[in-house]
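What follows is the content of query31.cif (mmCIF, C-alpha atoms).
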```cif
data_entry
#
loop_
_atom_site.label_atom_id
_atom_site.label_comp_id
_atom_site.auth_asym_id
_atom_site.auth_seq_id
_atom_site.Cartn_x
_atom_site.Cartn_y
_atom_site.Cartn_z
CA MET A 1 106.36 84.00 89.83
CA ARG A 2 103.69 85.36 87.56
CA PHE A 3 100.15 84.89 88.85
CA ASP A 4 97.18 84.06 86.64
CA ALA A 5 94.24 84.71 88.94
CA ALA A 6 92.99 86.63 91.98
CA ILE A 7 90.35 84.94 94.12
CA PHE A 8 88.29 86.87 96.66
CA ASP A 9 85.99 85.94 99.50
CA TYR A 10 82.73 87.91 99.38
CA ASP A 11 81.40 88.93 102.80
CA GLY A 12 84.09 90.74 104.79
CA VAL A 13 86.42 91.20 101.83
CA LEU A 14 84.30 92.70 99.04
CA VAL A 15 81.14 93.72 100.89
CA GLU A 16 79.89 94.13 104.44
CA LEU A 17 76.52 94.07 106.17
CA ASP A 18 75.27 97.60 106.88
CA ARG A 19 74.25 96.89 110.46
CA ARG A 20 72.78 100.34 111.05
CA ARG A 21 70.42 99.96 108.08
CA ALA A 22 69.56 96.41 109.13
CA ALA A 23 68.82 97.49 112.70
CA SER A 24 66.50 100.19 111.39
CA LEU A 25 64.60 97.66 109.28
CA PHE A 26 64.13 95.05 111.99
CA GLN A 27 63.60 97.29 115.02
CA GLY A 28 60.09 96.71 116.30
CA ARG A 29 59.46 94.07 113.63
CA SER A 30 61.59 91.09 114.66
CA PRO A 31 62.33 89.68 118.13
CA LEU A 32 65.76 88.50 116.96
CA SER A 33 68.86 90.66 116.82
CA VAL A 34 70.56 91.54 113.53
CA SER A 35 73.36 89.07 114.33
CA ALA A 36 70.91 86.27 115.06
CA LEU A 37 68.94 86.99 111.88
CA HIS A 38 72.14 87.02 109.86
CA GLN A 39 73.05 83.58 111.22
CA ARG A 40 69.61 82.24 110.36
CA TRP A 41 69.90 83.72 106.86
CA GLU A 42 73.29 82.08 106.32
CA ALA A 43 71.92 78.72 107.47
CA PHE A 44 68.97 79.05 105.09
CA CYS A 45 71.22 80.04 102.21
CA ALA A 46 73.53 77.09 102.75
CA ASP A 47 70.86 74.75 101.39
CA GLN A 48 70.01 76.87 98.35
CA PRO A 49 71.52 76.79 94.85
CA GLY A 50 71.95 80.53 95.31
CA GLU A 51 73.61 81.58 92.10
CA ARG A 52 70.48 80.45 90.24
CA LEU A 53 67.96 82.25 92.44
CA VAL A 54 66.58 85.74 92.07
CA ALA A 55 67.48 87.78 95.16
CA GLY A 56 63.91 88.88 95.94
CA GLU A 57 62.52 85.37 95.62
CA MET A 58 65.19 84.03 97.96
CA TRP A 59 64.46 86.73 100.54
CA ARG A 60 60.70 86.12 100.49
CA ALA A 61 61.17 82.35 100.76
CA PHE A 62 63.31 82.86 103.84
CA TRP A 63 60.72 85.02 105.59
CA ALA A 64 57.82 82.79 104.55
CA GLY A 65 59.29 80.21 106.91
CA LEU A 66 60.78 82.42 109.60
CA GLY A 67 57.96 84.95 109.94
CA PRO A 68 55.36 82.53 111.33
CA GLU A 69 57.97 80.86 113.52
CA LEU A 70 58.82 84.19 115.17
CA ARG A 71 55.15 85.23 115.22
CA ILE A 72 55.88 88.46 113.42
CA ARG A 73 52.81 90.62 112.83
CA GLU A 74 51.33 90.28 109.37
CA ASP A 75 51.84 93.94 108.48
CA ALA A 76 55.44 93.93 109.73
CA LEU A 77 56.16 90.72 107.81
CA ALA A 78 54.77 92.25 104.62
CA GLU A 79 57.07 95.27 105.06
CA ILE A 80 60.10 93.02 105.53
CA CYS A 81 59.26 90.84 102.53
CA ALA A 82 58.85 93.90 100.31
CA TYR A 83 62.25 95.31 101.31
CA ASP A 84 65.11 95.16 98.81
CA TYR A 85 67.48 93.20 101.01
CA LEU A 86 70.48 93.81 98.74
CA THR A 87 70.55 97.35 100.13
CA LEU A 88 71.43 95.86 103.53
CA PHE A 89 74.94 95.31 102.16
CA ARG A 90 77.49 97.81 100.98
CA ARG A 91 80.67 97.26 99.06
CA TYR A 92 84.00 98.26 100.48
CA PRO A 93 85.41 101.38 98.76
CA ASP A 94 88.36 99.48 97.28
CA ALA A 95 86.43 96.46 95.94
CA LEU A 96 85.75 97.75 92.43
CA ASP A 97 89.26 99.16 92.13
CA ALA A 98 90.69 95.76 93.09
CA PHE A 99 88.69 94.10 90.31
CA ARG A 100 89.84 96.73 87.80
CA GLU A 101 93.46 96.41 88.87
CA ALA A 102 93.25 92.63 88.53
CA ARG A 103 92.08 93.11 84.94
CA ARG A 104 94.90 95.57 84.22
CA LEU A 105 97.35 92.97 85.52
CA GLY A 106 95.86 90.37 83.19
CA LEU A 107 94.47 88.27 86.05
CA ARG A 108 91.32 86.21 85.84
CA ILE A 109 88.97 86.87 88.76
CA GLY A 110 87.28 84.37 91.02
CA VAL A 111 84.93 84.70 93.97
CA LEU A 112 84.94 81.80 96.42
CA SER A 113 82.41 82.25 99.18
CA ASN A 114 80.67 80.14 101.77
CA SER A 115 77.81 82.63 101.58
CA THR A 116 75.20 81.75 98.99
CA LEU A 117 75.00 84.52 96.43
CA PRO A 118 71.77 85.08 94.53
CA ARG A 119 71.66 86.40 91.01
CA PHE A 120 72.47 90.09 91.27
CA GLU A 121 69.90 91.29 88.79
CA SER A 122 68.99 94.30 90.90
CA PRO A 123 70.66 97.69 90.34
CA SER A 124 70.84 97.94 94.13
CA ALA A 125 73.30 95.04 94.35
CA PRO A 126 76.41 96.28 96.19
CA LEU A 127 78.75 94.53 93.77
CA PRO A 128 77.52 92.58 90.71
CA VAL A 129 80.15 89.86 91.02
CA THR A 130 78.43 87.58 88.52
CA GLU A 131 79.15 90.23 85.88
CA LEU A 132 82.60 91.28 87.08
CA ALA A 133 84.16 87.91 87.94
CA ASP A 134 85.09 85.06 85.62
CA VAL A 135 84.13 82.38 88.17
CA VAL A 136 81.79 82.56 91.16
CA ARG A 137 81.72 79.53 93.46
CA VAL A 138 79.19 79.41 96.28
CA PRO A 139 77.71 76.56 98.31
CA ALA A 140 75.49 74.14 96.46
CA ARG A 141 74.18 70.74 97.43
CA GLY A 142 77.05 68.26 97.43
CA SER A 143 79.75 70.81 96.55
CA ALA A 144 82.93 71.44 98.53
CA VAL A 145 83.13 74.55 100.72
CA LYS A 146 86.03 76.27 102.44
CA PRO A 147 88.21 75.04 104.10
CA GLU A 148 87.90 71.76 102.16
CA PRO A 149 90.85 71.42 99.75
CA ALA A 150 88.52 70.56 96.88
CA ALA A 151 86.92 74.02 97.06
CA TYR A 152 90.23 75.72 96.28
CA LEU A 153 91.34 73.19 93.69
CA ASP A 154 88.00 73.44 91.92
CA VAL A 155 87.99 77.23 91.61
CA ALA A 156 91.58 77.20 90.33
CA ARG A 157 90.63 74.60 87.73
CA LEU A 158 87.65 76.65 86.61
CA LEU A 159 89.91 79.69 86.28
CA GLY A 160 92.15 77.67 83.99
CA THR A 161 95.23 77.64 86.19
CA SER A 162 96.94 75.86 89.07
CA PRO A 163 96.64 76.81 92.75
CA ASP A 164 100.24 78.04 92.94
CA ARG A 165 99.42 80.73 90.38
CA CYS A 166 96.47 82.10 92.36
CA LEU A 167 96.28 85.00 94.82
CA PHE A 168 93.65 84.38 97.50
CA PHE A 169 92.02 86.90 99.86
CA ASP A 170 89.79 86.04 102.84
CA ASP A 171 88.98 87.48 106.26
CA GLU A 172 88.85 84.07 107.96
CA PRO A 173 92.28 82.79 109.10
CA SER A 174 91.40 79.11 108.75
CA PHE A 175 90.23 79.66 105.17
CA VAL A 176 93.46 81.47 104.30
CA ALA A 177 95.50 78.67 105.89
CA ALA A 178 93.62 76.11 103.82
CA ALA A 179 94.25 78.10 100.65
CA ARG A 180 97.96 78.16 101.42
CA ALA A 181 97.91 74.42 102.10
CA ALA A 182 96.35 73.97 98.65
CA GLY A 183 99.27 75.91 97.16
CA MET A 184 97.80 79.41 96.77
CA ARG A 185 99.38 82.68 97.83
CA GLY A 186 96.97 83.48 100.63
CA PHE A 187 96.38 86.86 102.27
CA LEU A 188 94.37 87.48 105.42
CA VAL A 189 92.26 90.64 105.10
CA ARG A 190 91.88 92.41 108.45
CA ARG A 191 89.87 95.51 107.63
CA SER A 192 88.75 96.43 111.12
CA ALA A 193 91.92 95.71 113.07
CA GLY A 194 94.37 96.70 110.35
CA ALA A 195 97.38 94.71 109.26
CA PRO A 196 100.47 94.11 111.41
CA PRO A 197 103.32 96.03 109.74
CA ASP A 198 105.68 93.07 110.08
CA ASP A 199 103.44 90.50 108.40
CA PRO A 200 103.21 90.89 104.60
CA ALA A 201 100.66 88.07 104.43
CA VAL A 202 98.12 90.17 106.40
CA VAL A 203 96.61 93.19 104.64
CA LYS A 204 94.23 95.90 105.80
CA ASP A 205 92.51 96.26 102.41
CA LEU A 206 92.78 95.50 98.69
CA SER A 207 94.27 98.84 97.67
CA ASP A 208 97.71 97.56 96.62
CA LEU A 209 96.88 94.52 94.52
CA ARG A 210 99.69 95.26 92.07
CA ALA A 211 102.34 95.07 94.79
CA LEU A 212 100.86 91.88 96.22
CA ALA A 213 100.86 90.24 92.78
CA ARG A 214 104.47 91.26 92.36
CA GLY A 215 105.62 90.02 95.76
#
```
Can the structure in the file be given as structure tokens, please?
Amino acid sequence: MRFDAAIFDYDGVLVELDRRRAASLFQGRSPLSVSALHQRWEAFCADQPGERLVAGEMWRAFWAGLGPELRIREDALAEICAYDYLTLFRRYPDALDAFREARRLGLRIGVLSNSTLPRFESPSAPLPVTELADVVRVPARGSAVKPEPAAYLDVARLLGTSPDRCLFFDDEPSFVAAARAAGMRGFLVRRSAGAPPDDPAVVKDLSDLRALARG
């Protein structure tokens, strides 16, 4: 079967949190761990129309509420608010190559994430997906999110194709299972643990997109 589109999750597939850089920023400034702050950030983002927000504005709005709650010192809070938070993330080495290979294969590109993505207007953005992808779908008020079937059907529709002609990549097993249930060719990305050699539906990275599209 010829595929029309490749759809990628964002966090864990295309980019990752640079925990060492994050720990350096928050050490001595925040009483919460990096993991706890990341969870709070995700919860905050879930209620934002992220693709329409400037990254810096979103970051400052988050800390305007959390800073007083955590009783962070005024000088420390100012330092955090002034930080370019996009530099806390880094793209995986194969992410750009996967996008380029998708284009060479004639595939349209989608990003389907449960993480709210701001406008990547900053040159420090790890991967400017709003420029590289044809469709970016992130949580918005009232919209479907993974693993709801409507989330997968909607992104396929926006890409101008049917689910059975879409490749889908995610690092969350339940999200991959839902994509397969919707009719997509779903691949589980296991970057840290690697891929079992006997399971072609589990991949360690995005380096062989051509073979996966051919399979």
**OP:** Decode the PyMOL selection byres ((chain A and resi 67-81) around 12) for the given file into explicit residues and return them as a VMD selection string.
**Re:** chain A and resid 22 24 to 32 37 40 55 to 66 82 to 85 88
**OP:** Might you pull out every residue within 6 Å of segment 172-184 of chain A, with only C-alpha atoms counted and same-chain residues fewer than 6 positions away left off, and present them as a PyMOL selection string?
**Re:** chain A and resi 147+163-164+166
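Here atom CA of Leu158 of chain A and atom CA of Arg104 of chain A stand 20.4 Å from one another.
With all atoms listed in the file as the basis for measurement, A:Phe169 is the residue among A:Phe169, A:Pro93, A:Leu127, A:Arg191 that approaches Leu209 of chain A most closely.
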Subject >> Pick from A:Phe3, A:Tyr10, A:Phe187, A:Tyr152 nearest to Leu105 of chain A, counting all atoms listed in the file >> reply: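 The closest residue to Leu105 of chain A is A:Phe3.
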